[in-house]
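Q: Take a look at entry-v8.cif, mmCIF, C-alpha atoms:
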data_final
loop_
_atom_site.label_atom_id
_atom_site.label_comp_id
_atom_site.auth_asym_id
_atom_site.auth_seq_id
_atom_site.Cartn_x
_atom_site.Cartn_y
_atom_site.Cartn_z
CA MET N 426 97.00 90.44 92.45
CA LEU N 427 96.40 87.12 90.70
CA ARG N 428 99.53 87.61 88.61
CA SER N 429 101.78 86.65 91.49
CA ILE N 430 101.90 83.19 93.07
CA ARG N 431 101.51 84.75 96.49
CA GLY N 432 98.46 86.67 95.29
CA ARG N 433 96.90 83.53 93.85
CA LEU N 434 97.55 81.61 97.08
CA VAL N 435 96.08 84.41 99.17
CA ALA N 436 93.04 84.63 96.85
CA ALA N 437 92.58 80.84 96.96
CA VAL N 438 92.75 80.79 100.75
CA ALA N 439 90.31 83.72 100.90
CA VAL N 440 87.84 82.01 98.54
CA MET N 441 88.08 78.77 100.51
CA ALA N 442 87.55 80.65 103.75
CA VAL N 443 84.47 82.36 102.28
CA LEU N 444 83.10 79.01 101.05
CA LEU N 445 83.65 77.37 104.42
CA GLY N 446 82.15 80.37 106.18
CA ALA N 447 79.08 80.21 103.93
CA LEU N 448 78.73 76.49 104.59
CA ILE N 449 78.98 76.99 108.35
CA TYR N 450 76.50 79.89 108.16
CA PHE N 451 73.89 77.91 106.22
CA GLN N 452 74.35 74.86 108.44
CA SER N 453 73.90 76.98 111.55
CA MET N 454 70.76 78.49 109.99
CA ARG N 455 69.37 75.02 109.36
CA LEU N 456 70.27 73.86 112.84
CA SER N 457 68.60 76.94 114.27
CA GLU N 458 65.41 76.14 112.29
CA LEU N 459 65.60 72.57 113.53
CA ASP N 460 66.04 73.75 117.10
CA THR N 461 63.00 76.01 116.77
CA THR N 462 60.91 73.18 115.35
CA LEU N 463 61.98 70.80 118.10
CA ASN N 464 61.11 73.44 120.70
CA ASP N 465 57.69 73.91 119.10
CA LEU N 466 57.18 70.16 119.10
CA GLY N 467 58.09 69.89 122.78
CA HIS N 468 55.82 72.79 123.57
CA LEU N 469 52.92 71.18 121.69
CA GLN N 470 53.43 67.82 123.36
CA GLN N 471 53.36 69.56 126.72
CA PHE N 472 50.20 71.40 125.61
CA LYS N 473 48.59 68.11 124.61
CA SER N 474 49.35 66.57 128.01
CA HIS N 475 47.50 69.50 129.58
CA VAL N 476 44.56 68.88 127.26
CA LEU N 477 44.31 65.28 128.48
CA ILE N 478 44.57 66.07 132.20
CA PRO N 479 41.24 68.01 132.49
CA GLN N 480 39.27 65.02 131.20
CA LYS N 481 40.41 62.96 134.17
CA ASP N 482 39.62 65.79 136.57
CA MET N 483 36.27 66.40 134.85
CA ASN N 484 35.29 62.78 135.43
CA GLN N 485 36.29 63.15 139.06
CA PHE N 486 34.23 66.34 139.37
CA ILE N 487 31.21 64.78 137.67
CA ALA N 488 31.43 61.72 139.92
CA ALA N 489 31.52 63.92 143.04
CA MET N 490 28.53 65.98 141.87
CA ASP N 491 26.52 62.88 140.85
CA ASN N 492 27.32 61.44 144.26
CA THR N 493 26.13 64.66 145.91
CA VAL N 494 22.77 64.46 144.10
CA LEU N 495 22.40 60.77 144.96
CA LEU N 496 23.11 61.44 148.66
CA LEU N 497 20.60 64.31 148.64
CA GLU N 498 17.98 62.00 147.18
CA LEU N 499 18.82 59.52 149.96
CA GLY N 500 18.50 62.24 152.58
CA GLU N 501 22.18 62.06 153.53
CA THR N 502 22.59 65.79 153.92
CA GLU N 503 25.97 65.90 155.64
CA ARG N 504 27.54 63.39 153.29
CA ALA N 505 26.05 65.24 150.36
CA GLN N 506 27.65 68.47 151.60
CA ALA N 507 30.95 66.65 152.06
CA SER N 508 30.75 65.23 148.55
CA TYR N 509 29.95 68.69 147.21
CA GLU N 510 33.05 70.02 148.94
CA ASN N 511 35.10 67.13 147.57
CA SER N 512 34.38 68.32 144.05
CA VAL N 513 36.31 71.53 144.69
CA ASP N 514 39.77 69.99 144.29
CA ALA N 515 38.95 68.70 140.83
CA GLU N 516 37.35 71.99 139.87
CA GLN N 517 40.47 73.89 140.97
CA ASP N 518 42.76 71.52 139.08
CA ILE N 519 40.67 71.87 135.92
CA SER N 520 40.80 75.66 136.13
CA ALA N 521 44.60 75.54 136.48
CA GLU N 522 44.87 73.32 133.41
CA PHE N 523 42.69 75.63 131.33
CA ALA N 524 44.71 78.61 132.52
CA PHE N 525 47.85 76.85 131.28
CA LEU N 526 46.22 76.06 127.91
CA GLU N 527 45.13 79.67 127.46
CA GLU N 528 48.56 80.98 128.34
CA ASN N 529 50.47 78.55 126.13
CA GLY N 530 48.11 77.87 123.26
CA SER N 531 49.32 78.66 119.77
CA ASP N 532 47.21 80.91 117.54
CA GLU N 533 45.47 77.88 116.02
CA LEU N 534 44.56 76.37 119.40
CA LEU N 535 43.99 79.36 121.66
CA ALA N 536 40.45 80.20 120.50
CA LEU N 537 39.40 76.55 120.76
CA ALA N 538 40.91 76.26 124.25
CA GLU N 539 39.04 79.37 125.39
CA GLN N 540 35.78 78.09 123.91
CA THR N 541 36.26 74.69 125.60
CA HIS N 542 37.02 76.36 128.88
CA GLN N 543 33.86 78.45 128.70
CA LYS N 544 31.69 75.43 127.88
CA TRP N 545 33.26 73.43 130.68
CA GLU N 546 32.55 76.24 133.13
CA ALA N 547 28.95 76.21 131.92
CA ALA N 548 28.80 72.44 132.56
CA THR N 549 30.36 72.93 136.02
CA GLU N 550 27.81 75.56 136.92
CA TYR N 551 25.04 73.34 135.54
CA MET N 552 26.14 70.51 137.84
CA LYS N 553 26.13 72.84 140.85
CA ILE N 554 22.71 74.31 139.97
CA ARG N 555 21.35 70.78 139.56
CA ALA N 556 22.62 69.67 142.99
CA GLU N 557 21.48 72.87 144.69
CA THR N 558 18.01 72.63 143.02
CA VAL N 559 17.61 69.00 144.12
CA ALA N 560 18.55 70.08 147.68
CA ALA N 561 16.19 73.06 147.65
CA GLU N 562 13.26 70.96 146.42
CA ARG N 563 13.90 68.68 149.41
CA GLY N 564 14.17 71.53 151.84
CA ILE N 565 17.84 70.90 152.38
CA THR N 566 20.34 73.72 152.59
CA LEU N 567 23.36 72.85 150.48
CA VAL N 568 26.19 75.33 150.93
CA ARG N 569 28.24 75.98 147.83
CA PRO N 570 31.89 75.40 148.86
CA PRO N 571 34.29 78.25 148.14
CA THR N 572 36.68 77.67 145.24
CA GLU N 573 38.81 80.76 145.87
CA PRO N 574 41.65 81.39 145.94
CA LEU N 575 42.94 78.24 144.25
CA LYS N 576 40.52 78.29 141.33
CA VAL N 577 41.83 80.40 138.49
CA GLU N 578 39.06 82.80 137.55
CA ASP N 579 39.06 84.63 134.24
CA GLU N 580 36.62 86.04 131.69
CA HIS N 581 35.81 82.56 130.34
CA THR N 582 35.04 81.26 133.82
CA ALA N 583 32.65 84.12 134.40
CA ALA N 584 31.11 83.91 130.93
CA GLY N 585 30.53 80.14 131.22
CA ALA N 586 28.95 80.44 134.69
CA GLU N 587 26.82 83.34 133.59
CA TYR N 588 25.61 81.41 130.56
CA ALA N 589 24.68 78.39 132.75
CA ARG N 590 22.81 80.56 135.25
CA SER N 591 20.83 82.22 132.48
CA GLN N 592 20.02 78.87 130.82
CA TYR N 593 19.47 76.55 133.79
CA GLY N 594 18.88 78.84 136.78
CA ALA N 595 15.10 78.82 136.47
CA MET N 596 14.69 75.07 135.80
CA ASN N 597 13.45 72.54 138.36
CA ALA N 598 15.30 69.32 139.15
CA ALA N 599 13.29 67.24 136.70
CA GLU N 600 13.97 69.65 133.86
CA LEU N 601 17.65 69.77 134.72
CA GLU N 602 17.78 65.96 134.80
CA ALA N 603 15.96 65.77 131.48
CA LEU N 604 18.70 67.83 129.82
CA MET N 605 21.10 64.98 130.42
CA GLU N 606 18.96 62.55 128.45
CA ASP N 607 19.90 64.14 125.14
CA ASP N 608 23.54 64.69 124.05
CA ALA N 609 22.45 67.85 122.23
CA THR N 610 21.23 69.46 125.48
CA ASN N 611 23.53 67.76 127.97
CA PRO N 612 26.01 70.47 129.09
CA LEU N 613 28.59 67.81 129.94
CA GLU N 614 28.39 66.30 126.46
CA ILE N 615 28.53 69.75 124.89
CA ALA N 616 31.72 70.50 126.82
CA ASP N 617 33.11 67.05 126.05
CA VAL N 618 32.69 67.60 122.30
CA ASP N 619 34.87 70.67 122.55
CA VAL N 620 37.46 68.87 124.66
CA ASP N 621 37.65 66.17 121.97
CA ALA N 622 37.86 68.84 119.27
CA LEU N 623 40.70 70.55 121.14
CA GLU N 624 42.56 67.24 121.41
CA GLU N 625 42.09 66.54 117.70
CA ALA N 626 43.19 70.02 116.75
CA THR N 627 46.26 69.63 118.95
CA ASP N 628 47.04 66.32 117.25
CA GLU N 629 46.72 67.98 113.83
CA VAL N 630 49.05 70.83 114.74
CA LEU N 631 51.42 68.32 116.30
CA ALA N 632 51.39 66.28 113.08
CA GLN N 633 52.05 69.42 111.04
CA GLU N 634 54.95 70.38 113.30
CA GLU N 635 56.35 66.85 113.08
CA ALA N 636 56.12 66.99 109.27
CA GLU N 637 57.80 70.38 109.35
CA GLY N 638 60.46 68.98 111.66
CA ASP N 639 61.09 66.08 109.29
CA SER N 640 61.29 68.51 106.39
CA THR N 641 63.69 70.79 108.26
CA LEU N 642 65.80 67.82 109.29
CA ALA N 643 65.91 66.59 105.68
CA ALA N 644 66.84 70.08 104.47
CA ALA N 645 69.54 70.33 107.15
CA SER N 646 70.93 66.94 106.11
CA GLN N 647 70.93 68.00 102.46
CA THR N 648 72.66 71.24 103.34
CA VAL N 649 75.34 69.35 105.24
CA ILE N 650 75.83 66.66 102.58
CA PHE N 651 75.55 68.71 99.37
CA GLY N 652 77.07 71.83 100.91
CA SER N 653 80.09 69.92 102.20
CA ALA N 654 80.45 68.07 98.89
CA GLY N 655 80.17 71.33 96.94
CA VAL N 656 82.71 73.10 99.11
CA LEU N 657 85.04 70.10 98.90
CA VAL N 658 84.80 70.05 95.08
CA ALA N 659 85.35 73.81 94.95
CA ILE N 660 88.38 73.58 97.25
CA LEU N 661 89.82 70.73 95.15
CA ALA N 662 89.22 72.74 91.95
CA ILE N 663 90.85 75.84 93.42
CA GLY N 664 93.75 73.75 94.70
CA ALA N 665 94.17 72.15 91.28
CA LEU N 666 94.07 75.54 89.53
CA VAL N 667 96.62 77.08 91.88
CA THR N 668 98.86 74.01 91.71
CA THR N 669 98.70 73.95 87.90
CA SER N 670 99.37 77.67 87.66
CA VAL N 671 102.54 77.15 89.72
CA SER N 672 103.70 73.72 88.55
CA ARG N 673 103.36 74.36 84.80
CA PRO N 674 105.73 77.36 84.68
CA LEU N 675 108.08 75.53 87.06
CA GLY N 676 108.10 72.60 84.62
CA GLN N 677 108.94 74.98 81.75
CA LEU N 678 111.70 76.54 83.85
CA LYS N 679 113.13 73.10 84.64
CA LYS N 680 113.11 72.10 80.97
CA GLY N 681 114.78 75.37 79.91
CA ALA N 682 117.41 75.12 82.65
CA GLU N 683 118.23 71.58 81.51
CA GLU N 684 118.55 72.76 77.86
CA ILE N 685 120.88 75.60 78.89
CA ALA N 686 122.88 73.24 81.13
CA ALA N 687 123.26 70.96 78.10
CA GLY N 688 124.85 73.84 76.16
CA ASN N 689 121.86 75.19 74.24
CA LEU N 690 122.45 78.83 75.13
CA ASP N 691 120.02 79.98 72.41
CA TYR N 692 117.09 78.35 74.19
CA LYS N 693 114.05 80.62 74.41
CA PHE N 694 111.29 80.24 76.99
CA ASP N 695 107.70 80.30 75.70
CA ASN N 696 104.78 82.01 77.49
CA VAL N 697 106.80 83.51 80.30
CA PRO N 698 104.36 84.02 83.22
CA ALA N 699 104.10 87.40 84.95
CA ASP N 700 104.66 85.93 88.41
CA GLU N 701 107.67 85.04 90.55
CA VAL N 702 108.47 82.08 88.28
CA GLY N 703 108.54 84.52 85.33
CA VAL N 704 111.12 86.61 87.16
CA VAL N 705 113.29 83.51 87.64
CA VAL N 706 112.82 82.59 83.95
CA GLN N 707 113.96 86.06 82.87
CA THR N 708 116.95 85.82 85.19
CA VAL N 709 117.89 82.45 83.70
CA GLU N 710 117.54 83.89 80.19
CA THR N 711 119.75 86.86 81.09
CA MET N 712 122.26 84.45 82.64
CA SER N 713 122.20 82.38 79.45
CA ILE N 714 122.80 85.45 77.27
CA SER N 715 125.63 86.61 79.55
CA LEU N 716 127.14 83.15 79.52
CA LYS N 717 127.00 83.05 75.75
CA SER N 718 128.67 86.45 75.57
CA ARG N 719 131.46 85.29 77.88
CA ILE N 720 131.99 82.17 75.81
CA ARG N 721 132.14 84.25 72.65
CA THR N 722 134.76 86.46 74.28
CA LEU N 723 136.81 83.45 75.31
CA GLU N 724 136.53 82.04 71.81
CA GLU N 725 137.49 85.38 70.37
CA VAL N 726 140.54 85.62 72.66
CA ALA N 727 141.52 82.09 71.82
CA GLY N 728 141.17 82.83 68.10
CA LEU N 729 143.11 86.01 68.54
CA VAL N 730 145.97 84.19 70.26
CA VAL N 731 146.01 81.55 67.54
CA ILE N 732 145.99 84.08 64.70
CA THR N 733 148.57 86.36 66.30
CA SER N 734 150.90 83.55 67.29
CA GLU N 735 150.72 82.21 63.76
CA GLU N 736 151.62 85.62 62.39
CA ILE N 737 154.46 86.01 64.90
CA ARG N 738 155.78 82.56 64.03
CA ALA N 739 155.61 83.38 60.34
CA ALA N 740 157.52 86.62 60.93
CA ALA N 741 160.08 84.80 63.07
CA GLU N 742 160.68 82.30 60.26
CA THR N 743 161.53 85.15 57.94
CA LEU N 744 163.75 86.84 60.48
CA GLN N 745 166.87 88.23 58.72
CA PRO N 746 170.21 89.19 60.16
CA ASP N 747 169.32 92.82 59.53
CA GLY N 748 166.26 92.36 61.88
CA SER N 749 163.76 93.47 59.23
CA ALA N 750 161.01 91.15 60.57
CA VAL N 751 161.32 92.36 64.16
CA ASP N 752 159.01 95.30 63.47
CA THR N 753 156.29 92.89 62.39
CA ILE N 754 156.75 90.76 65.52
CA VAL N 755 156.61 93.80 67.75
CA LYS N 756 153.55 95.15 65.93
CA LYS N 757 151.66 91.89 66.24
CA SER N 758 152.64 91.52 69.87
CA ASN N 759 151.34 95.02 70.57
CA GLU N 760 148.07 94.26 68.75
CA LEU N 761 147.67 91.13 70.83
CA LYS N 762 148.50 93.03 74.00
CA GLY N 763 145.98 95.73 73.13
CA LEU N 764 143.15 93.34 72.37
CA VAL N 765 143.81 91.20 75.44
CA GLY N 766 143.93 94.45 77.40
CA GLN N 767 140.36 95.16 76.16
CA VAL N 768 139.30 91.79 77.52
CA LEU N 769 140.90 92.46 80.87
CA LYS N 770 139.35 95.91 80.95
CA GLY N 771 135.98 94.40 79.97
CA ASP N 772 136.11 92.05 82.92
CA MET B 1121 120.09 98.63 71.08
CA GLY B 1122 122.83 100.50 69.23
CA ALA B 1123 123.96 99.91 65.66
CA LEU B 1124 127.43 98.83 66.76
CA TYR B 1125 126.03 96.20 69.09
CA ASP B 1126 123.64 94.99 66.42
CA LEU B 1127 126.42 94.70 63.84
CA SER B 1128 128.64 92.89 66.36
CA GLN B 1129 125.97 90.32 67.06
CA ARG B 1130 125.27 89.80 63.35
CA ALA B 1131 128.99 89.39 62.68
CA MET B 1132 129.32 86.77 65.42
CA LYS B 1133 126.24 84.90 64.21
CA GLY B 1134 127.56 85.12 60.64
CA ILE B 1135 130.80 83.48 61.70
CA GLU B 1136 128.98 80.81 63.72
CA ALA B 1137 126.73 80.09 60.72
CA ARG B 1138 129.58 80.07 58.26
CA HIS B 1139 131.94 77.81 60.21
CA ALA B 1140 130.57 74.55 61.55
CA ASP B 1141 134.00 73.45 62.79
CA PRO B 1142 134.58 74.94 66.30
CA ILE B 1143 138.30 75.43 65.70
CA GLU B 1144 137.62 77.31 62.46
CA GLN B 1145 134.97 79.33 64.27
CA ILE B 1146 137.49 80.35 66.97
CA ARG B 1147 140.08 81.27 64.33
CA ALA B 1148 137.52 83.33 62.42
CA LYS B 1149 136.47 85.20 65.58
CA GLY B 1150 140.16 85.93 66.30
CA GLN B 1151 140.66 87.09 62.73
CA LEU B 1152 137.64 89.39 63.01
CA ALA B 1153 139.09 90.97 66.18
CA VAL B 1154 142.49 91.43 64.52
CA SER B 1155 140.92 92.93 61.38
CA ALA B 1156 138.44 95.16 63.24
CA GLY B 1157 141.03 96.26 65.77
CA PHE B 1158 138.80 95.66 68.81
CA MET B 1159 137.18 92.81 70.69
CA VAL B 1160 133.88 92.41 68.88
CA SER B 1161 132.33 90.15 71.55
CA LEU B 1162 132.86 92.80 74.20
CA VAL B 1163 130.53 95.30 72.50
CA SER B 1164 127.51 95.70 74.77
CA THR B 1165 124.11 97.24 74.32
CA GLY B 1166 125.13 100.37 76.22
CA ASP B 1167 128.20 101.13 74.04
CA GLN B 1168 128.12 104.27 71.93
CA ASP B 1169 127.92 103.91 68.16
CA ASP B 1170 131.52 104.83 67.30
CA PRO B 1171 131.54 105.44 63.46
CA GLU B 1172 135.16 104.33 63.17
CA LYS B 1173 134.48 101.04 64.91
CA ILE B 1174 131.36 100.49 62.79
CA ALA B 1175 133.32 101.15 59.61
CA SER B 1176 136.23 98.91 60.64
CA LEU B 1177 133.83 96.14 61.68
CA ARG B 1178 131.99 96.30 58.35
CA ALA B 1179 135.31 96.20 56.48
CA ALA B 1180 136.62 93.29 58.58
CA ALA B 1181 133.44 91.30 58.08
CA GLU B 1182 133.37 91.94 54.35
CA SER B 1183 137.01 90.88 54.07
CA MET B 1184 135.98 87.57 55.65
CA GLY B 1185 133.01 87.18 53.33
CA ILE B 1186 130.31 88.03 55.89
CA GLN B 1187 127.52 90.32 54.76
CA LEU B 1188 126.25 92.56 57.57
#
Can you give me the file's structure in the form of structure tokens?
A:
Amino acid sequence: MLRSIRGRLVAAVAVMAVLLGALIYFQSMRLSELDTTLNDLGHLQQFKSHVLIPQKDMNQFIAAMDNTVLLLELGETERAQASYENSVDAEQDISAEFAFLEENGSDELLALAEQTHQKWEAATEYMKIRAETVAAERGITLVRPPTEPLKVEDEHTAAGAEYARSQYGAMNAAELEALMEDDATNPLEIADVDVDALEEATDEVLAQEEAEGDSTLAAASQTVIFGSAGVLVAILAIGALVTTSVSRPLGQLKKGAEEIAAGNLDYKFDNVPADEVGVVVQTVETMSISLKSRIRTLEEVAGLVVITSEEIRAAAETLQPDGSAVDTIVKKSNELKGLVGQVLKGD
Amino acid sequence: MGALYDLSQRAMKGIEARHADPIEQIRAKGQLAVSAGFMVSLVSTGDQDDPEKIASLRAAAESMGIQL
């Protein structure tokens, strides 16, 4: 296949197409990796925003519950009940945020999100038990406001509440208040530590993803730059090879044709290629040999005419009245006629 | 290639080598045709090896001082 010019051109185009295809394939792979990384980054940033939101809602919930206890201590029963009910919105919002975190958390963050959720539920229940205990000790009936159906309940909600009831359910108001004096026993602080840990862990994963994104972007850039340069060099090399393989024999053909045109009919072509140019070279050589043969024939005819005419003239000079030289003239004329006849027949 | 063709080519080359002058070369080629009795330059590769032609060509060449 590579012996013909057409075959070489087809092969060159095929190789270039394969190289370009490979370049496009690898670039698309890199871009796909980059797209995945960017998606992960966006997902993580969204996750982090949902980690930050509960803290605001937690503060709102804590403020409402502290206010409830304060109003109970002041004997403001109705306002205390209203404040207790006001805490529900924040509690519902927090549960929705944790539900989002548990649904969208990556493997590294999911367990921590679940643990934080459970501890926060324990702190929530603690705050309710505290308020209800303060009310009970004062003979006030404080009705726990319903959180259904807007609060998202799951196994962590139940586990956290259950834990709080088992730990704080039997304590009096003073004991419950005393828990808040020490960060190690304060349920709110315990939950807050986990919220901070979740935020830090999210930041770490985010940093890792960003580093991975930078690395993928750098790799994609290198693939584009070096891949394109490599393919360009390869295409130039292939183009040069194909051009040389065609132009060199054409140059030899041109030189030989000029030699033959100048009269050198013995010119021989070196290294005749096996392609289309080689066919033309062989045709030119055959033409040269044929031309030389024709020239030899013309020279031979010319020589024949010269020789024969000289012999006829010599015979004519010796022509006698008895016509003795006529036989010679006739013989030579016949010889000339016969040989010229061969030429005409040969044509 | 046949023997007659080969001898014809050698005879022609012998004349071309022997006579540098083109006019002498033409005369010699004519003389060879007259002596051999056929047009030597018209012998082609496909021609049969006629023994009579080979013999007359050898004789004509020898008479002109060309060794085949």
Q: Evaluating the PyMOL selection byres ((chain N) within 7 of (chain B)) on the displayed file yields which residues, as a list of chain:residue names?
A: N:Ser718, N:Arg721, N:Thr722, N:Glu724, N:Glu725, N:Val726, N:Ala727, N:Gly728, N:Leu729, N:Val731, N:Ile732, N:Leu764, N:Gln767, N:Gly771
Q: Mind pulling up the distance from atom CA of N:Leu623 to atom CA of N:His475?
A: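 Atom CA of N:Leu623 lies 10.9 Å from atom CA of N:His475.
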Q: Specify as number ranges by chain each residue included when the PyMOL selection byres ((chain B and resi 1178) around 12) is applied to this file.
A: B: 1123-1124, 1126-1128, 1130-1131, 1152-1153, 1155-1157, 1160, 1171-1177, 1179-1188
Q: Fewer than 5 positions away in the same chain doesn't count, so skip those; otherwise give me all residues within 9 Å of N:Glu634, counting only C-alpha atoms, as a ChimeraX atom specification.
A: /N:462-463,465-466,469,629,639
Q: What is the distance between atom CA of N:Arg428 and atom CA of N:Met441, in Å to one decimal?
A: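 These atoms are spaced 18.7 Å apart.
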Q: Evaluate the PyMOL selection byres ((chain N and resi 558) around 12) on the structure here and hand back the selected residues as a ChimeraX atom specification.
A: /N:493-494,497-498,550-557,559-569,593-602
Q: Neighbouring residues of N:Pro571 were defined as those with any atom within 10 Å, considering all atoms listed in the file; residues of the same chain fewer than 4 positions away were excluded. Please report them as JSON, numbers by chain.
A: {"N": [510, 513, 575, 576]}
Q: Separation of atom CA of N:Arg504 and atom CA of N:Asp491, in Å?
A: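 Straight-line distance from atom CA of N:Arg504 to atom CA of N:Asp491 works out to 12.5 Å.
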Q: Excluding N:Asn759 and residues on its chain fewer than 5 positions from it, collect all residues at most 12 Å away from it, counting all atoms listed in the file, and give them as a PyMOL selection string.
A: (chain N and resi 733-734+737+752-754+764-766) or (chain B and resi 1154+1157)
Q: Compile the contact shell of N:Gln543 as a ChimeraX atom specification: residues with an atom at most 9 Å away, counting only C-alpha atoms, same-chain residues fewer than 5 positions apart removed.
A: /N:538,548,580-586,588,616
Q: With C-alpha atoms retained, export the selected residues as an mmCIF file, in the coordinates of the input.
A:
data_model
loop_
_atom_site.group_PDB
_atom_site.id
_atom_site.type_symbol
_atom_site.label_atom_id
_atom_site.label_comp_id
_atom_site.auth_asym_id
_atom_site.auth_seq_id
_atom_site.Cartn_x
_atom_site.Cartn_y
_atom_site.Cartn_z
ATOM 1 C CA ALA N 538 40.910 76.260 124.250
ATOM 2 C CA ALA N 548 28.800 72.440 132.560
ATOM 3 C CA GLU N 580 36.620 86.040 131.690
ATOM 4 C CA HIS N 581 35.810 82.560 130.340
ATOM 5 C CA THR N 582 35.040 81.260 133.820
ATOM 6 C CA ALA N 583 32.650 84.120 134.400
ATOM 7 C CA ALA N 584 31.110 83.910 130.930
ATOM 8 C CA GLY N 585 30.530 80.140 131.220
ATOM 9 C CA ALA N 586 28.950 80.440 134.690
ATOM 10 C CA TYR N 588 25.610 81.410 130.560
ATOM 11 C CA ALA N 616 31.720 70.500 126.820
#
Q: Set the distance at 7 Å and use all atoms listed in the file: which residues neighbour stretch 678-689 of chain N once local chain neighbours fewer than 5 positions away are removed? I'd like the list as a count of residues only.
A: 3
Q: Output as AutoDock Vina command-line options the centre and edge lengths (Å, one decimal) of the box along x, y and z of the file that holds every listed atom of stretch 524-530 of chain N after adding 8 Å on each side.
A:
--center_x 47.6 --center_y 78.5 --center_z 127.9 --size_x 21.8 --size_y 20.9 --size_z 25.3
Q: Can I get C-alpha atoms for stretch 1125-1174 of chain B, as a PDB file, in the first residue's frame?
A:
ATOM      1  CA  TYR B1125      19.164  -8.724 -31.276  1.00  0.00           C
ATOM      2  CA  ASP B1126      22.147  -8.883 -28.956  1.00  0.00           C
ATOM      3  CA  LEU B1127      24.594  -9.051 -31.863  1.00  0.00           C
ATOM      4  CA  SER B1128      22.803  -6.172 -33.611  1.00  0.00           C
ATOM      5  CA  GLN B1129      23.112  -3.973 -30.563  1.00  0.00           C
ATOM      6  CA  ARG B1130      26.783  -4.858 -30.091  1.00  0.00           C
ATOM      7  CA  ALA B1131      27.462  -4.122 -33.759  1.00  0.00           C
ATOM      8  CA  MET B1132      25.801  -0.706 -33.506  1.00  0.00           C
ATOM      9  CA  LYS B1133      27.658   0.134 -30.301  1.00  0.00           C
ATOM     10  CA  GLY B1134      30.896  -1.080 -31.908  1.00  0.00           C
ATOM     11  CA  ILE B1135      30.395   1.314 -34.805  1.00  0.00           C
ATOM     12  CA  GLU B1136      29.476   4.186 -32.479  1.00  0.00           C
ATOM     13  CA  ALA B1137      32.595   3.478 -30.388  1.00  0.00           C
ATOM     14  CA  ARG B1138      34.834   3.109 -33.389  1.00  0.00           C
ATOM     15  CA  HIS B1139      33.732   6.239 -35.255  1.00  0.00           C
ATOM     16  CA  ALA B1140      33.648   9.506 -33.350  1.00  0.00           C
ATOM     17  CA  ASP B1141      32.776  11.485 -36.487  1.00  0.00           C
ATOM     18  CA  PRO B1142      28.960  11.390 -36.988  1.00  0.00           C
ATOM     19  CA  ILE B1143      29.253  11.311 -40.780  1.00  0.00           C
ATOM     20  CA  GLU B1144      31.652   8.362 -40.625  1.00  0.00           C
ATOM     21  CA  GLN B1145      29.324   6.690 -38.138  1.00  0.00           C
ATOM     22  CA  ILE B1146      26.374   7.050 -40.565  1.00  0.00           C
ATOM     23  CA  ARG B1147      28.460   5.713 -43.451  1.00  0.00           C
ATOM     24  CA  ALA B1148      29.599   2.754 -41.362  1.00  0.00           C
ATOM     25  CA  LYS B1149      26.018   1.926 -40.335  1.00  0.00           C
ATOM     26  CA  GLY B1150      24.993   2.073 -44.026  1.00  0.00           C
ATOM     27  CA  GLN B1151      27.927  -0.145 -44.959  1.00  0.00           C
ATOM     28  CA  LEU B1152      26.939  -2.655 -42.269  1.00  0.00           C
ATOM     29  CA  ALA B1153      23.384  -2.810 -43.678  1.00  0.00           C
ATOM     30  CA  VAL B1154      24.692  -3.270 -47.226  1.00  0.00           C
ATOM     31  CA  SER B1155      27.157  -5.974 -46.128  1.00  0.00           C
ATOM     32  CA  ALA B1156      24.700  -7.801 -43.846  1.00  0.00           C
ATOM     33  CA  GLY B1157      21.876  -7.552 -46.359  1.00  0.00           C
ATOM     34  CA  PHE B1158      19.292  -6.312 -43.835  1.00  0.00           C
ATOM     35  CA  MET B1159      18.562  -3.281 -41.692  1.00  0.00           C
ATOM     36  CA  VAL B1160      20.481  -4.051 -38.517  1.00  0.00           C
ATOM     37  CA  SER B1161      18.806  -1.284 -36.474  1.00  0.00           C
ATOM     38  CA  LEU B1162      15.384  -2.761 -37.156  1.00  0.00           C
ATOM     39  CA  VAL B1163      16.167  -6.023 -35.336  1.00  0.00           C
ATOM     40  CA  SER B1164      13.979  -6.091 -32.233  1.00  0.00           C
ATOM     41  CA  THR B1165      13.948  -8.215 -29.118  1.00  0.00           C
ATOM     42  CA  GLY B1166      11.054 -10.302 -30.416  1.00  0.00           C
ATOM     43  CA  ASP B1167      12.756 -11.270 -33.723  1.00  0.00           C
ATOM     44  CA  GLN B1168      13.645 -14.913 -34.242  1.00  0.00           C
ATOM     45  CA  ASP B1169      17.304 -15.892 -34.283  1.00  0.00           C
ATOM     46  CA  ASP B1170      17.701 -16.476 -38.033  1.00  0.00           C
ATOM     47  CA  PRO B1171      21.091 -18.345 -38.435  1.00  0.00           C
ATOM     48  CA  GLU B1172      21.657 -16.842 -41.881  1.00  0.00           C
ATOM     49  CA  LYS B1173      21.182 -13.306 -40.617  1.00  0.00           C
ATOM     50  CA  ILE B1174      23.445 -14.008 -37.627  1.00  0.00           C
TER      51      ILE B1174
END
